[in-house]
Structures are given as structure tokens and as C-alpha cells.
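This report refers to the structure that appears directly beneath it.
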Amino acid sequence: TQAGDELSVGAPNANITITQSVVDGNIVLTLTGNATKAEYQAVIDSITFKNTSENPTTDTRTITVTVNDGALDSAAASTSVTVVPVNDAPTAINNGTGISFTEGDAGTTLAGKVTIGDVDNDNLQSGKVTLVGTQTGDELSVGSPNANITVTSSVVDGNIVLTLTGNATKAEYQALIDSITFKNTSDNPTTNDRSITVTVNDGALNSAASSTAVT
């Protein structure tokens, strides 16, 4: 038995009482009651294995079954269980607040505004930060570069885009994203709506985009 493993009975029977316990770290279902072979068979057939973890181990499990006629136990039947993990997309979540810039300021960062994560990968492979609604004089820059993450700036459909690439830890990507700074160099900046969207990628899947308002 591994973290997140569960055994349950899908088709209970009124003649068979089922008690669940953990013995030496293993889940044990004890079935008791005077019932026909067909009733026991149906209950056993309905026993279901699942794992609730978003990052389950692939360690080998087996399910053993014994039955008893009131005097003797059967030999144990053993069924192997293979767990196949599925890659979960990383996450980029806005904390619900935006950032504010005042003309003449040195700039304002995304620090504390976006939290990135990935339940089943220690590292991320890329990311994208986009200033949606880019206006004259707007700039995005990285305050804390990281040797493992290459940052490329471009303009796509009129919006500033920072593309992040490189195999680096979640903490490294988080620190770099926290350091991304917005400023406007104009002496007469517009107050048009802007937002900064962030996505990250684990090498296979993109996160949903987080969006931070800029005022």
C-alpha cells in the first residue's frame, strides 16, 4: 500500500459484513458472514482499487484474496496492480490583486502576485509573460536573471512578450517571475487598461494563464 491507495466495495451484500483496517501498513478488507459462493464472488468482483494522489508512485502493489468455509482458508490468490501516473499541468495562480505604477517610479514588480506550481514535476521547462494592452512607453524587464533560464523579449500583436526557456526548478522560475518589473517611461502615460499574463510549461503541458491587472 502506497500513499493515496484505497480499496472499496462497489456492491455491498447484506449477508456480508466488511471491515477495513490497516495491518503492517497494508489496507485489509475483512469479509464475514454466512453467504453463498455467488454472493462472495459478487462482492469480491466489485472490490475497487484507486489512488487519489496527483503524483502516485509506480511501486508494485498486489491484491491477495483468501476465503474461508468456516474451517479452512483457501490458498491466497494474488493479482498485481500497476499504477500509471498521468502528467498534471503546472499552475500559475494570481493572488487576486493587481499592481500599480505611478509616473516617474522606477517600476513595480510581480512579486507576490503570481504563484506557480506543479504537483508532479520538480522542474519547469518554459514560461511566457505577456503585457496585454501594451501602450507607448511601456516596458517589462527582469530584475533577477537566472543562469538556467533564458529570457527573450519580443512584440507580438503589439504586446510585449517575455519568453522564458530552460530546465530550472519551480523556485527558480518563481523568483524570476517575481522579479519581472513593469514601468512606463513616458512623461504622459495613458491610463488604458493593461494586464500581465503568466503561463508556465512542464515540458508537455501549459498552465492556465494567470492575469494581473496593471493600473
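Please note that chains go A, B, ... in the order of the C-alpha cells, that every chain numbers its residues from 1, and that ligands are numbered from 1 in the order shown.
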* Among range 4-172 of chain A, which ones does DSSP place in alpha helix (DSSP H), written as a VMD selection string? -> chain A and resid 37 to 45 170 to 172
* Asked: Taking into account only C-alpha atoms, which residue in the set A:Ser8, A:Ser126, A:Thr82, A:Thr152 is nearest to Asp45 in chain A?
  ->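 Looking only at the distances to Asp45 in chain A, the closest residue turns out to be A:Ser8.
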* Go through A:Ile180, A:Ala14, A:Val129, A:Val23 one by one, measure the shortest atom-to-atom distance of each to Leu164 in chain A using only C-alpha atoms, and give the residue with the smallest value. => A:Val129
* Residue nearest Asn184 in chain A - candidates A:Thr102, A:Leu162, A:Ser211, A:Asp120, atoms counted: only C-alpha atoms ->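 Using only C-alpha atoms, the shortest distance to Asn184 in chain A belongs to A:Thr102.
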